[in-house]
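Asker: Below is the file final_0.cif, with mmCIF, C-alpha atoms.
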data_coords
loop_
_atom_site.label_atom_id
_atom_site.label_comp_id
_atom_site.auth_asym_id
_atom_site.auth_seq_id
_atom_site.Cartn_x
_atom_site.Cartn_y
_atom_site.Cartn_z
CA MET E 1 7.49 21.07 6.22
CA LYS E 2 5.66 18.08 7.70
CA ASP E 3 2.12 18.43 6.45
CA SER E 4 0.94 14.92 5.54
CA VAL E 5 -0.28 11.52 6.69
CA LEU E 6 0.82 8.52 4.63
CA ILE E 7 -1.03 5.22 4.38
CA LEU E 8 1.86 2.75 4.65
CA SER E 9 1.34 -0.95 4.09
CA GLY E 10 4.97 -2.05 4.13
CA GLY E 11 4.86 -3.01 0.46
CA MET E 12 7.07 -1.73 -2.35
CA ASP E 13 4.94 1.20 -3.45
CA SER E 14 4.03 2.83 -0.15
CA THR E 15 7.56 2.26 1.21
CA THR E 16 8.94 4.08 -1.83
CA LEU E 17 6.53 6.94 -1.23
CA LEU E 18 7.60 7.06 2.44
CA TYR E 19 11.21 7.69 1.43
CA ASP E 20 10.28 9.88 -1.54
CA LYS E 21 8.18 12.28 0.56
CA GLN E 22 9.80 11.79 3.96
CA ASP E 23 10.31 15.52 4.45
CA ARG E 24 6.53 16.03 4.32
CA ILE E 25 5.27 12.98 6.21
CA ALA E 26 4.45 13.60 9.87
CA ILE E 27 2.58 10.32 10.51
CA ALA E 28 2.51 6.99 8.68
CA VAL E 29 -0.53 4.83 9.31
CA SER E 30 -0.75 1.07 8.79
CA PHE E 31 -4.01 -0.84 9.04
CA ASP E 32 -4.35 -4.36 10.42
CA TYR E 33 -7.55 -5.56 8.79
CA GLY E 34 -7.01 -9.27 9.20
CA SER E 35 -5.49 -10.05 5.81
CA ASN E 36 -3.18 -13.00 5.30
CA HIS E 37 -0.15 -10.76 4.89
CA ASN E 38 -0.66 -7.95 7.44
CA ALA E 39 1.64 -9.68 9.91
CA ARG E 40 4.41 -9.72 7.28
CA GLU E 41 3.91 -6.19 5.98
CA ILE E 42 3.47 -4.16 9.13
CA PRO E 43 6.86 -4.96 10.73
CA PHE E 44 8.54 -3.61 7.59
CA ALA E 45 6.41 -0.47 7.78
CA ARG E 46 7.50 -0.02 11.38
CA LEU E 47 11.16 -0.66 10.49
CA HIS E 48 11.27 2.06 7.85
CA CYS E 49 9.47 4.60 10.02
CA GLU E 50 11.89 3.98 12.86
CA ARG E 51 14.78 4.37 10.44
CA LEU E 52 13.47 7.72 9.18
CA GLY E 53 12.22 9.00 12.54
CA ILE E 54 8.62 9.18 11.35
CA LYS E 55 5.78 8.45 13.76
CA HIS E 56 4.13 5.12 12.94
CA VAL E 57 0.60 4.21 13.98
CA VAL E 58 -1.08 0.81 13.53
CA ILE E 59 -4.88 0.86 13.55
CA PRO E 60 -6.86 -2.40 13.84
CA LEU E 61 -9.82 -2.85 11.53
CA ASP E 62 -10.99 -6.20 12.87
CA PHE E 63 -14.50 -5.79 11.54
CA MET E 64 -13.33 -6.16 7.95
CA ALA E 65 -12.24 -9.77 8.42
CA LYS E 66 -15.56 -10.49 10.10
CA TYR E 67 -17.97 -8.79 7.71
CA PHE E 68 -16.17 -8.39 4.36
CA LYS E 69 -15.71 -11.00 1.65
CA SER E 70 -12.25 -11.37 0.08
CA SER E 71 -9.71 -14.14 -0.47
CA LEU E 72 -7.21 -11.89 1.31
CA LEU E 73 -9.16 -12.56 4.48
CA GLU E 74 -9.66 -16.31 4.03
CA GLY E 75 -6.21 -17.88 4.38
CA ALA E 76 -3.27 -18.56 2.07
CA ASP E 77 -4.95 -21.37 0.14
CA ALA E 78 -7.70 -19.01 -1.04
CA ILE E 79 -5.26 -16.74 -2.90
CA PRO E 80 -5.29 -17.31 -6.68
CA GLU E 81 -2.00 -17.83 -8.48
CA GLY E 82 -0.72 -16.45 -11.78
CA GLN E 83 -0.77 -12.99 -13.30
CA TYR E 84 -3.50 -10.50 -12.52
CA ALA E 85 -6.49 -11.13 -14.75
CA ASP E 86 -10.24 -10.66 -14.63
CA ASN E 87 -10.78 -14.29 -13.65
CA ASN E 88 -8.69 -14.08 -10.49
CA ILE E 89 -8.40 -10.48 -9.40
CA HIS E 90 -11.92 -9.94 -8.09
CA SER E 91 -11.47 -12.45 -5.28
CA THR E 92 -8.57 -10.41 -3.84
CA VAL E 93 -10.53 -7.16 -3.66
CA VAL E 94 -11.43 -6.08 -0.13
CA PRO E 95 -14.54 -4.01 -0.89
CA PHE E 96 -14.02 -0.25 -0.50
CA ARG E 97 -10.88 -0.86 1.58
CA ASN E 98 -8.99 2.22 0.43
CA ALA E 99 -11.94 4.50 1.05
CA ILE E 100 -12.27 3.23 4.61
CA MET E 101 -8.56 3.64 5.30
CA LEU E 102 -8.42 7.04 3.64
CA SER E 103 -11.37 8.26 5.69
CA ILE E 104 -9.56 7.37 8.90
CA ALA E 105 -6.35 8.96 7.62
CA VAL E 106 -8.23 12.17 6.79
CA GLY E 107 -9.56 12.26 10.35
CA ILE E 108 -6.05 11.76 11.70
CA ALA E 109 -4.74 14.52 9.44
CA GLU E 110 -7.31 17.07 10.56
CA SER E 111 -6.89 16.07 14.20
CA ASN E 112 -3.16 16.77 13.92
CA ASN E 113 -3.44 19.99 11.90
CA LEU E 114 -2.06 18.32 8.78
CA LYS E 115 -3.18 19.28 5.30
CA ASN E 116 -2.78 16.12 3.22
CA VAL E 117 -3.20 12.38 3.07
CA MET E 118 -0.95 10.39 0.75
CA MET E 119 -1.53 7.00 -0.87
CA ALA E 120 0.68 4.98 -3.22
CA ASN E 121 -1.74 3.61 -5.81
CA HIS E 122 -0.17 3.22 -9.26
CA ALA E 123 -1.13 2.85 -12.92
CA GLY E 124 -1.14 -0.94 -12.76
CA ASP E 125 -3.90 -0.79 -10.14
CA HIS E 126 -6.37 1.15 -12.30
CA THR E 127 -8.04 -1.71 -14.10
CA LEU E 128 -7.76 -4.00 -11.09
CA TYR E 129 -9.11 -2.15 -8.08
CA PRO E 130 -11.93 0.39 -8.37
CA ASP E 131 -10.70 2.34 -5.32
CA CYS E 132 -7.31 2.97 -6.97
CA THR E 133 -8.52 4.61 -10.18
CA PRO E 134 -7.94 8.26 -11.11
CA ALA E 135 -11.71 8.77 -10.92
CA PHE E 136 -11.79 7.48 -7.34
CA VAL E 137 -8.77 9.59 -6.34
CA LYS E 138 -10.43 12.71 -7.76
CA ALA E 139 -13.76 11.97 -6.07
CA PHE E 140 -12.21 11.20 -2.69
CA ASP E 141 -10.04 14.30 -2.85
CA GLN E 142 -13.18 16.36 -3.39
CA ALA E 143 -14.99 14.57 -0.55
CA ALA E 144 -12.08 15.12 1.86
CA GLN E 145 -11.99 18.82 1.06
CA ALA E 146 -15.74 19.17 1.40
CA GLY E 147 -15.91 17.18 4.62
CA THR E 148 -13.15 18.86 6.65
CA PHE E 149 -12.66 22.35 8.04
CA ALA E 150 -9.01 22.13 6.98
CA ASN E 151 -9.89 21.17 3.39
CA VAL E 152 -7.66 18.10 3.62
CA ARG E 153 -6.34 16.95 0.23
CA LEU E 154 -5.59 13.49 -1.11
CA ILE E 155 -2.18 13.30 -2.78
CA SER E 156 -1.48 10.29 -5.02
CA PRO E 157 1.76 11.07 -6.86
CA TYR E 158 2.19 7.59 -8.36
CA THR E 159 -1.27 7.35 -9.92
CA HIS E 160 0.11 7.46 -13.45
CA LEU E 161 3.38 5.58 -12.83
CA THR E 162 3.93 1.87 -13.39
CA LYS E 163 5.24 -0.34 -10.61
CA ALA E 164 8.53 -0.62 -12.49
CA GLU E 165 8.84 3.18 -12.59
CA ILE E 166 8.18 3.29 -8.85
CA ALA E 167 10.88 0.64 -8.34
CA VAL E 168 13.35 2.77 -10.31
CA ARG E 169 12.56 5.71 -8.03
CA GLY E 170 13.00 3.52 -4.95
CA HIS E 171 16.35 2.27 -6.24
CA GLU E 172 17.45 5.88 -6.70
CA LEU E 173 16.47 6.50 -3.07
CA GLY E 174 18.55 3.53 -1.91
CA ILE E 175 15.65 1.31 -0.80
CA ASP E 176 16.40 -2.36 -0.24
CA TYR E 177 13.22 -4.03 -1.49
CA THR E 178 13.96 -7.20 0.47
CA GLU E 179 12.78 -5.06 3.38
CA THR E 180 9.27 -4.88 1.91
CA TRP E 181 6.50 -7.45 1.57
CA SER E 182 4.22 -8.21 -1.39
CA CYS E 183 2.94 -11.80 -1.20
CA TYR E 184 -0.76 -12.11 -0.46
CA LYS E 185 -0.37 -15.58 1.03
CA GLY E 186 1.59 -14.21 4.02
CA LEU E 187 3.74 -17.30 4.59
CA GLU E 188 7.36 -17.43 5.80
CA LYS E 189 8.65 -16.54 2.33
CA HIS E 190 7.12 -14.93 -0.73
CA CYS E 191 5.35 -17.73 -2.58
CA GLY E 192 6.55 -16.54 -6.00
CA ARG E 193 3.30 -17.65 -7.63
CA CYS E 194 0.47 -15.34 -6.57
CA ALA E 195 -0.32 -12.27 -8.66
CA THR E 196 1.44 -9.86 -6.31
CA CYS E 197 4.60 -11.96 -6.36
CA VAL E 198 4.48 -12.16 -10.16
CA GLU E 199 3.95 -8.40 -10.34
CA ARG E 200 6.86 -7.82 -7.96
CA LYS E 201 9.20 -10.00 -10.06
CA GLU E 202 8.16 -8.32 -13.29
CA ALA E 203 8.51 -4.78 -11.91
CA LEU E 204 12.00 -5.37 -10.54
CA ALA E 205 13.09 -7.08 -13.76
CA GLU E 206 11.71 -4.26 -15.90
CA ALA E 207 13.42 -1.72 -13.65
CA GLY E 208 16.74 -3.57 -14.01
CA ILE E 209 17.00 -4.18 -10.27
CA GLU E 210 18.39 -7.46 -8.95
CA ASP E 211 15.59 -9.32 -7.16
CA ASN E 212 16.97 -10.70 -3.91
CA THR E 213 13.54 -11.61 -2.55
CA GLU E 214 13.36 -15.09 -1.04
CA TYR E 215 10.72 -16.99 -2.99
CA GLU E 216 9.40 -20.47 -2.31
CA SER E 217 9.37 -21.03 -6.07
#
Spell out the structure here as structure tokens.

Answerer:
Amino acid sequence: MKDSVLILSGGMDSTTLLYDKQDRIAIAVSFDYGSNHNAREIPFARLHCERLGIKHVVIPLDFMAKYFKSSLLEGADAIPEGQYADNNIHSTVVPFRNAIMLSIAVGIAESNNLKNVMMANHAGDHTLYPDCTPAFVKAFDQAAQAGTFANVRLISPYTHLTKAEIAVRGHELGIDYTETWSCYKGLEKHCGRCATCVERKEALAEAGIEDNTEYES
């Protein structure tokens, strides 16, 4: 039964969740918040929704690029390269991004008589992004229930999975990961050097999946 809204970026994790829970997803929502890579991600989100016959909505969040501070909003050259680490990850955080997106998704869910909102955060996110942690998921789930007549729930089934484990699940579902986008620089091809590209390479390698992504290097 279709009872959920999914936040769908067009990246590996949320695309996997789209296919994994397609029988429950009534609406997939993508957010255009002015990041370097939104224009690369969102067409893939749309492609997969069309393929599965799931309603896809794109919501602009223009104010974030205007008022928020993050290298994701400052152009490709601002994106740090190399593996995720304390000295480079903080610049890529868009402050409280997930909470803002989840709040809108909860409103969409209640407006459409749906019971859940889904997000595809994973275990690798926990030490990187404060709005991906189990503590945040628990707190937001409680807030969504308390703040809606329908007691909308937040479902985050990949919270304790690694990106490689998610990739294995996606491979089982037949997902072609070349039809997803990871690179934060948002150029014609994946740069192959930024932290998200490195993470993508490592996850696919660990999962034993051939990486056919086109990288600049």

Asker: I need the residue nearest Ser4 of chain E from this list: E:Ala195, E:Ala139, E:Leu52, E:Ile27. Use all atoms listed in the file for the distance.

Answerer: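 That would be E:Ile27, the residue with the smallest distance to Ser4 of chain E.
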
Asker: Please enumerate the residues selected by the PyMOL selection byres ((chain E and resi 54) around 9) when evaluated against the supplied file, formatted as a VMD selection string.

Answerer: chain E and resid 22 25 to 28 48 to 53 55 to 56

Asker: I'd like to know which of E:Val117, E:Thr159, E:Val29, E:Thr148 is closest to Cys132 of chain E, using only C-alpha atoms.

Answerer: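 For Cys132 of chain E, the nearest of the candidates is E:Thr159.
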
Asker: For segment 92-105 of chain E, take all atoms listed in the file, fit an axis-aligned box around them, add 3 Å to each of the six sides, then output centre and edge lengths in Å rounded to one decimal, as AutoDock Vina command-line options.

Answerer:
--center_x -10.4 --center_y -0.7 --center_z 2.5 --size_x 14.2 --size_y 25.4 --size_z 18.7

Asker: Considering only C-alpha atoms, state which residue in the set E:Lys163, E:Arg153, E:Lys189, E:Arg97 is at the smallest distance from His122 of chain E.

Answerer: E:Lys163

Asker: I'd like the residues picked by the PyMOL selection byres ((chain E and resi 169-173) around 8) written out as a PyMOL selection string, using the chain letters and numbers from the file.

Answerer: chain E and resi 16+19-20+165-168+174-176+209

Asker: Excluding same-chain residues fewer than 4 positions from Glu41 of chain E, what lies within 8 Å of it counting all atoms listed in the file, as an MDAnalysis selection string?

Answerer: chainID E and resid 9:11 37 45 180:182

Asker: Could you check which of E:Asn38, E:Arg200, E:Ala109, E:Glu214 is closest to Thr162 of chain E, using all atoms listed in the file?

Answerer: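 Smallest distance to Thr162 of chain E is found for E:Arg200.
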
Asker: Where does the PyMOL selection byres ((chain E and resi 140) around 12) land in this file, that is, which residues does it pick, as an NGL selection string?

Answerer: :E and (96 or 98-103 or 106 or 117-119 or 131-139 or 141-147 or 151-156)

Asker: Could you check the closest approach to Asp62 of chain E for each of E:Gly186, E:Gly34, E:Pro43, E:Gly124 and tell me which residue wins, using all atoms listed in the file?

Answerer: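 Between E:Gly186, E:Gly34, E:Pro43, E:Gly124, the residue approaching Asp62 of chain E most closely is E:Gly34.
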
Asker: By how many Å are atom CA of Ile108 of chain E and atom CA of Val5 of chain E apart?

Answerer: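 Distance reported for this atom pair: 7.6 Å.
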
Asker: Could you tell me which of E:Ser30, E:Lys69, E:Ala150, E:Pro130 comes closest to Val94 of chain E if we count only C-alpha atoms?

Answerer: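 Smallest distance to Val94 of chain E is found for E:Lys69.
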
Asker: Interatomic distance between atom CA of Pro95 of chain E and atom CA of Ala120 of chain E?

Answerer: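 Value for the atom CA of Pro95 of chain E-atom CA of Ala120 of chain E distance: 17.8 Å.
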
Asker: Would you compute the distance between atom CA of Glu216 of chain E and atom CA of Glu188 of chain E? Give it in Å to one decimal.

Answerer: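 These two atoms are separated by 8.9 Å.
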